[in-house]
Amino acid sequence: MSYDPRPGMSVQEIDTPALILDLDDLEYNLQTMSRFFAGKAVGLRPHSKTHKCPQIAQRQLEAGAIGITCAKLGEAEVMARAGIQNILIANQVTGAVKLDRLADLARTCNLTVAVDDAEGVRQLGETCRAAGVKVGVLVEVNIGMGRCGVEPDEPALRLARQVLDQPGLVFEGLMGYEGHLVLIPDLQERTEKVAAAIGLLQSSKDLLERHGIPVRIVSGGGTGTYDLTAGCAPITEIQAGSYVFMDATYANIRPEFRVSMTMLTSVVSRPEPKHIVVDAGLKTITKEFGLPTLLGVAGSMRYLSEEHAVIDLAEPDAVQLKAGDKVFMLPSHCCTTTNLHDVLHVVRGGKLVDLWPVAARGHSQ
Ligand SMILES: Cc1ncc(COP(=O)(O)O)c(C=O)c1O
C-alpha cells in the first residue's frame with residue numbers, strides 16, 4: 001500500500017514523525033498579533049526563521065506585516081523566489097561568495113541587511129557598487145545580548161558614517177536584538193530591562209540625528225518582548241518569529257498565543273508496562289530549551305536519542321498505548337525543530353487540508 005497524504009485524511013492517519021500545523025490556531029495567532037499592531041506607528045516584520053515557509057510568510061503579509069525578516073541569505077533567496085518583496089536579513093552577510101549572491105538577490109527584491117564591522121561594510125558596499133545595485137543597511141548595536149553588534153553611541157555613529165560613504169549602500173537605521181531578555185518570567189523585570197536595553201538604541205539614534213544622519217528604521221524585539229519593545233520610543237519595526245507556532249518554552253511567557261504546531265509520533269515499543277518509546281528523537285525534535293512535552297498522556301520524558309524518545313508513564317495501568325498508536329508531543333523550541341522537517345502537515349478540525357514545504361529549511365548558507 002503506497003502512502004499518499006491527501007486532503008480530508010484524518011490526522012491520525014498521517015505517517016510519523018510529522019509536524020502538524022493547526023490552521024485555526026495559526027490564524028488565531030496571526031490575528032492576535034495583527035490586532036496588536038493595528039493603528040500603531042510601529043510595524044511587524046515577522047522573523048521567518050521560525051517557519052521557513054513561504055505560505056506562512058504570505059499569510060503574515062496578508063495579516064498586515066510590513067515585510068519579512070530572515071536570518072540567512074539562503075532563507076532570503078527562498079522567500080524572494082516565492083515572491084516576497086520586502087526582506088530584512090537581520091544578520092551580517094560576509095565573504096565574497098555570499099556578497100555576490102546578496103547583490104544578485106537585491107535585483108529581485110527590496111533588501112536590507114545588518115552590519116557591525118567597518119571592513120564588512122567596505123566589502124558589502126564595494127560589491128553592491130560594482131554590481132550596480134543598492135542595498136539597505138541597518139547598523140546592528142549590541143544592546144546587552146553580547147552576540148553581534150557595535151557598541152551603542154559613538155561606535156554606531158562611526159559605522160553609520162562608513163555606510164554613508166558607500167554609494168552602493170543606503171543607510172536605513174539601527175537594529176538591536178534583546179534576546180537575553182525575551183524569556184524573563186517576571187513581567188515587571190522584563191519590562192524594565194527591555195526599556196533600558198532599547199534606551200541604548202534611543203541614545204544612538206539621538207546621536208546620529210544630532211550629526212545630521214536621519215534614522216528611518218529602528219528594528220528589534222522577539223515574541224517574549226514584542227509589546228514591551230514596540231512601546232519604546234525609537235522602535236519602528238518588531239522582528240517577532242515564534243508567535244506563529246509557539247512552543248513549551250514560550251507558552252509560559254505568552255499565553256495570548258496558542259500552540260499551533262505539534263509533532264505527531266508513533267509508539268514503536270512498550271518493552272515494559274511503565275515505559276513507552278516513540279519514533280521522534282534528536283533528528284526530528286530539538287532539546288536545547290529542554291526535553292519535549294508529551295501531550296494527553298501523564299508521564300515524563302527520560303531522554304531523547306537519535307530516533308527515539310523514552311517516556312516513563314505516570315500511571316501505566318491507566319494507559320492503553322501499544323506499538324503503532326499515535327501520540328502528540330510539544331517541542332520546547334519550535335524554530336530549531338521546524339528546521340529538521342521537509343513539510344508542515346496543515347490540519348483543520350482534525351483533517352489534513354494541505355502540505356506546506358518548509359522550503360527554506362537547511363538553507364543556512
Ligand atoms: C535577530 C533576531 N530577531 C528576532 C528574534 C525573535 O525571535 P522569536 O520571536 O522567535 O523570539 C530572534 C530570535 O532568535 C533573532 O535572532
# chains A, B, ... in the order shown; residues from 1 in each chain; ligands from 1
call {"tool": "residues_near_ligand", "arguments": {"ligand": "ligand 1", "cutoff": "6 Å", "atoms": "only C-alpha atoms and all ligand atoms", "output": "list in words"}}
result
Ala90, Tyr177, Gly221, Gly222, Thr223, Gln239, Ala240, Gly241 and Ser242 of chain A
call {"tool": "residues_around", "arguments": {"residues": "stretch 243-252 of chain A", "least_positions_apart": "3", "cutoff": "6 Å", "atoms": "only C-alpha atoms", "output": "ChimeraX atom specification"}}
result
/A:26,29,223,255,259-261,331-334
call {"tool": "write_last_selection", "arguments": {"atoms": "C-alpha atoms", "output": "CSV table (one decimal), in the first residue's frame"}}
result
chain,number,residue,atom,x,y,z
A,26,LEU,CA,-2.2,29.6,13.3
A,29,ASN,CA,-2.0,33.8,16.3
A,223,THR,CA,7.9,37.1,20.8
A,255,PRO,CA,-0.4,33.0,27.0
A,259,VAL,CA,0.3,26.4,20.3
A,260,SER,CA,-0.4,25.8,16.6
A,261,MET,CA,2.5,23.4,15.8
A,331,PRO,CA,8.6,20.9,21.2
A,332,SER,CA,10.4,23.1,23.7
A,333,HIS,CA,11.8,25.2,20.8
A,334,CYS,CA,9.7,25.5,17.6
call {"tool": "residues_around", "arguments": {"residues": "A:Leu111", "least_positions_apart": "6", "cutoff": "7 Å", "atoms": "only C-alpha atoms", "output": "VMD selection string"}}
result
chain A and resid 86 to 88 135 to 136
call {"tool": "closest_residue", "arguments": {"among": "A:Ile217, A:Ala156, A:Ala323, A:Ile56", "to": "A:Pro273", "atoms": "only C-alpha atoms"}}
result
A:Ala323
call {"tool": "closest_residue", "arguments": {"among": "A:Pro185, A:Gly95, A:Gly173, A:Gly64", "to": "A:Phe36", "atoms": "only C-alpha atoms"}}
result
A:Gly64
call {"tool": "select_by_dssp", "arguments": {"residues": "stretch 99-129 of chain A", "states": "strand (DSSP E)", "output": "ChimeraX atom specification"}}
result
/A:110-115
call {"tool": "write_last_selection", "arguments": {"atoms": "all heavy atoms", "output": "PDB file, in the first residue's frame"}}
result
ATOM      1  N   ASN A 110      13.371  44.171  -2.505  1.00  0.00           N
ATOM      2  CA  ASN A 110      13.839  45.295  -1.693  1.00  0.00           C
ATOM      3  C   ASN A 110      14.537  44.703  -0.468  1.00  0.00           C
ATOM      4  O   ASN A 110      13.900  44.148   0.420  1.00  0.00           O
ATOM      5  CB  ASN A 110      12.595  46.116  -1.320  1.00  0.00           C
ATOM      6  CG  ASN A 110      12.920  47.234  -0.363  1.00  0.00           C
ATOM      7  OD1 ASN A 110      14.035  47.328   0.149  1.00  0.00           O
ATOM      8  ND2 ASN A 110      11.947  48.072  -0.121  1.00  0.00           N
ATOM      9  N   LEU A 111      15.868  44.803  -0.445  1.00  0.00           N
ATOM     10  CA  LEU A 111      16.664  44.047   0.528  1.00  0.00           C
ATOM     11  C   LEU A 111      17.389  44.976   1.494  1.00  0.00           C
ATOM     12  O   LEU A 111      17.997  45.973   1.083  1.00  0.00           O
ATOM     13  CB  LEU A 111      17.687  43.210  -0.251  1.00  0.00           C
ATOM     14  CG  LEU A 111      18.542  42.240   0.560  1.00  0.00           C
ATOM     15  CD1 LEU A 111      17.668  41.161   1.204  1.00  0.00           C
ATOM     16  CD2 LEU A 111      19.584  41.571  -0.348  1.00  0.00           C
ATOM     17  N   THR A 112      17.326  44.604   2.780  1.00  0.00           N
ATOM     18  CA  THR A 112      18.068  45.326   3.815  1.00  0.00           C
ATOM     19  C   THR A 112      18.860  44.288   4.606  1.00  0.00           C
ATOM     20  O   THR A 112      18.393  43.170   4.806  1.00  0.00           O
ATOM     21  CB  THR A 112      17.092  46.078   4.744  1.00  0.00           C
ATOM     22  OG1 THR A 112      16.286  46.944   3.943  1.00  0.00           O
ATOM     23  CG2 THR A 112      17.831  46.914   5.782  1.00  0.00           C
ATOM     24  N   VAL A 113      20.063  44.670   5.052  1.00  0.00           N
ATOM     25  CA  VAL A 113      20.917  43.713   5.757  1.00  0.00           C
ATOM     26  C   VAL A 113      21.572  44.407   6.951  1.00  0.00           C
ATOM     27  O   VAL A 113      21.781  45.631   6.926  1.00  0.00           O
ATOM     28  CB  VAL A 113      21.946  43.116   4.764  1.00  0.00           C
ATOM     29  CG1 VAL A 113      22.884  44.165   4.217  1.00  0.00           C
ATOM     30  CG2 VAL A 113      22.736  41.970   5.368  1.00  0.00           C
ATOM     31  N   ALA A 114      21.890  43.625   7.985  1.00  0.00           N
ATOM     32  CA  ALA A 114      22.552  44.183   9.169  1.00  0.00           C
ATOM     33  C   ALA A 114      24.075  44.182   8.975  1.00  0.00           C
ATOM     34  O   ALA A 114      24.624  43.294   8.323  1.00  0.00           O
ATOM     35  CB  ALA A 114      22.196  43.354  10.408  1.00  0.00           C
ATOM     36  N   VAL A 115      24.727  45.177   9.549  1.00  0.00           N
ATOM     37  CA  VAL A 115      26.200  45.245   9.528  1.00  0.00           C
ATOM     38  C   VAL A 115      26.687  45.604  10.934  1.00  0.00           C
ATOM     39  O   VAL A 115      25.957  46.220  11.712  1.00  0.00           O
ATOM     40  CB  VAL A 115      26.727  46.320   8.533  1.00  0.00           C
ATOM     41  CG1 VAL A 115      26.304  46.012   7.104  1.00  0.00           C
ATOM     42  CG2 VAL A 115      26.279  47.722   8.936  1.00  0.00           C
TER      43      VAL A 115
END
call {"tool": "closest_residue", "arguments": {"among": "A:Met301, A:Leu201, A:Leu21, A:Leu169", "to": "A:Asp354", "atoms": "only C-alpha atoms"}}
result
A:Leu21
call {"tool": "atom_distance", "arguments": {"atom1": "atom CA of A:Tyr28", "atom2": "atom CA of A:Arg254"}}
result
13.7 Å
call {"tool": "decode", "arguments": {"residues": "stretch 272-284 of chain A", "atoms": "all heavy atoms", "output": "mmCIF file, in the first residue's frame"}}
result
data_model
loop_
_atom_site.group_PDB
_atom_site.id
_atom_site.type_symbol
_atom_site.label_atom_id
_atom_site.label_comp_id
_atom_site.auth_asym_id
_atom_site.auth_seq_id
_atom_site.Cartn_x
_atom_site.Cartn_y
_atom_site.Cartn_z
ATOM 1 N N GLU A 272 8.074 -2.657 28.627
ATOM 2 C CA GLU A 272 7.538 -2.992 29.954
ATOM 3 C C GLU A 272 6.365 -2.036 30.163
ATOM 4 O O GLU A 272 6.311 -0.981 29.536
ATOM 5 C CB GLU A 272 8.609 -2.813 31.035
ATOM 6 C CG GLU A 272 9.279 -1.452 30.973
ATOM 7 C CD GLU A 272 10.144 -1.115 32.166
ATOM 8 O OE1 GLU A 272 10.038 -1.778 33.202
ATOM 9 O OE2 GLU A 272 10.894 -0.140 32.052
ATOM 10 N N PRO A 273 5.414 -2.372 31.030
ATOM 11 C CA PRO A 273 4.201 -1.544 31.140
ATOM 12 C C PRO A 273 4.488 -0.087 31.460
ATOM 13 O O PRO A 273 3.759 0.790 31.019
ATOM 14 C CB PRO A 273 3.416 -2.208 32.277
ATOM 15 C CG PRO A 273 3.926 -3.608 32.323
ATOM 16 C CD PRO A 273 5.349 -3.577 31.872
ATOM 17 N N LYS A 274 5.546 0.200 32.189
ATOM 18 C CA LYS A 274 5.673 1.573 32.674
ATOM 19 C C LYS A 274 6.471 2.500 31.753
ATOM 20 O O LYS A 274 6.640 3.660 32.083
ATOM 21 C CB LYS A 274 6.248 1.589 34.096
ATOM 22 C CG LYS A 274 7.632 1.024 34.291
ATOM 23 C CD LYS A 274 7.965 1.152 35.772
ATOM 24 C CE LYS A 274 9.425 0.995 36.079
ATOM 25 N NZ LYS A 274 10.039 -0.227 36.092
ATOM 26 N N HIS A 275 6.947 2.009 30.631
ATOM 27 C CA HIS A 275 7.549 2.982 29.713
ATOM 28 C C HIS A 275 7.256 2.694 28.243
ATOM 29 O O HIS A 275 7.121 1.541 27.839
ATOM 30 C CB HIS A 275 9.037 3.203 30.020
ATOM 31 C CG HIS A 275 10.031 2.379 29.276
ATOM 32 N ND1 HIS A 275 10.727 1.345 29.849
ATOM 33 C CD2 HIS A 275 10.505 2.489 28.011
ATOM 34 C CE1 HIS A 275 11.577 0.833 28.982
ATOM 35 N NE2 HIS A 275 11.463 1.514 27.843
ATOM 36 N N ILE A 276 7.101 3.803 27.515
ATOM 37 C CA ILE A 276 6.899 3.695 26.064
ATOM 38 C C ILE A 276 8.073 4.369 25.356
ATOM 39 O O ILE A 276 8.758 5.225 25.923
ATOM 40 C CB ILE A 276 5.574 4.349 25.591
ATOM 41 C CG1 ILE A 276 5.519 5.836 25.989
ATOM 42 C CG2 ILE A 276 4.370 3.601 26.090
ATOM 43 C CD1 ILE A 276 4.365 6.602 25.343
ATOM 44 N N VAL A 277 8.255 3.961 24.101
ATOM 45 C CA VAL A 277 9.277 4.576 23.258
ATOM 46 C C VAL A 277 8.575 5.035 21.985
ATOM 47 O O VAL A 277 7.821 4.266 21.373
ATOM 48 C CB VAL A 277 10.392 3.566 22.915
ATOM 49 C CG1 VAL A 277 11.478 4.244 22.091
ATOM 50 C CG2 VAL A 277 10.975 2.954 24.182
ATOM 51 N N VAL A 278 8.759 6.320 21.614
ATOM 52 C CA VAL A 278 8.140 6.832 20.380
ATOM 53 C C VAL A 278 9.235 7.183 19.368
ATOM 54 O O VAL A 278 10.418 7.278 19.703
ATOM 55 C CB VAL A 278 7.209 8.048 20.645
ATOM 56 C CG1 VAL A 278 6.132 7.700 21.659
ATOM 57 C CG2 VAL A 278 7.994 9.271 21.081
ATOM 58 N N ASP A 279 8.786 7.388 18.103
ATOM 59 C CA ASP A 279 9.733 7.445 16.983
ATOM 60 C C ASP A 279 10.260 8.850 16.669
ATOM 61 O O ASP A 279 10.592 9.138 15.517
ATOM 62 C CB ASP A 279 9.090 6.832 15.729
ATOM 63 C CG ASP A 279 7.837 7.578 15.280
ATOM 64 O OD1 ASP A 279 7.384 8.500 16.009
ATOM 65 O OD2 ASP A 279 7.292 7.249 14.208
ATOM 66 N N ALA A 280 10.301 9.741 17.665
ATOM 67 C CA ALA A 280 10.868 11.078 17.416
ATOM 68 C C ALA A 280 12.054 11.268 18.340
ATOM 69 O O ALA A 280 11.908 11.237 19.559
ATOM 70 C CB ALA A 280 9.830 12.151 17.682
ATOM 71 N N GLY A 281 13.223 11.455 17.772
ATOM 72 C CA GLY A 281 14.425 11.679 18.571
ATOM 73 C C GLY A 281 15.101 12.966 18.156
ATOM 74 O O GLY A 281 14.475 13.871 17.582
ATOM 75 N N LEU A 282 16.382 13.017 18.449
ATOM 76 C CA LEU A 282 17.131 14.258 18.210
ATOM 77 C C LEU A 282 17.151 14.670 16.734
ATOM 78 O O LEU A 282 17.401 15.827 16.430
ATOM 79 C CB LEU A 282 18.576 14.076 18.692
ATOM 80 C CG LEU A 282 18.724 13.921 20.205
ATOM 81 C CD1 LEU A 282 20.112 13.377 20.542
ATOM 82 C CD2 LEU A 282 18.492 15.253 20.893
ATOM 83 N N LYS A 283 16.897 13.707 15.837
ATOM 84 C CA LYS A 283 16.916 14.060 14.414
ATOM 85 C C LYS A 283 15.585 14.629 13.936
ATOM 86 O O LYS A 283 15.454 15.023 12.777
ATOM 87 C CB LYS A 283 17.333 12.851 13.579
ATOM 88 C CG LYS A 283 18.829 12.569 13.737
ATOM 89 C CD LYS A 283 19.289 11.369 12.935
ATOM 90 C CE LYS A 283 20.814 11.257 13.041
ATOM 91 N NZ LYS A 283 21.309 9.965 12.555
ATOM 92 N N THR A 284 14.567 14.654 14.829
ATOM 93 C CA THR A 284 13.285 15.245 14.429
ATOM 94 C C THR A 284 12.764 16.296 15.404
ATOM 95 O O THR A 284 11.849 17.042 15.052
ATOM 96 C CB THR A 284 12.188 14.166 14.285
ATOM 97 O OG1 THR A 284 12.336 13.215 15.327
ATOM 98 C CG2 THR A 284 12.259 13.481 12.959
#
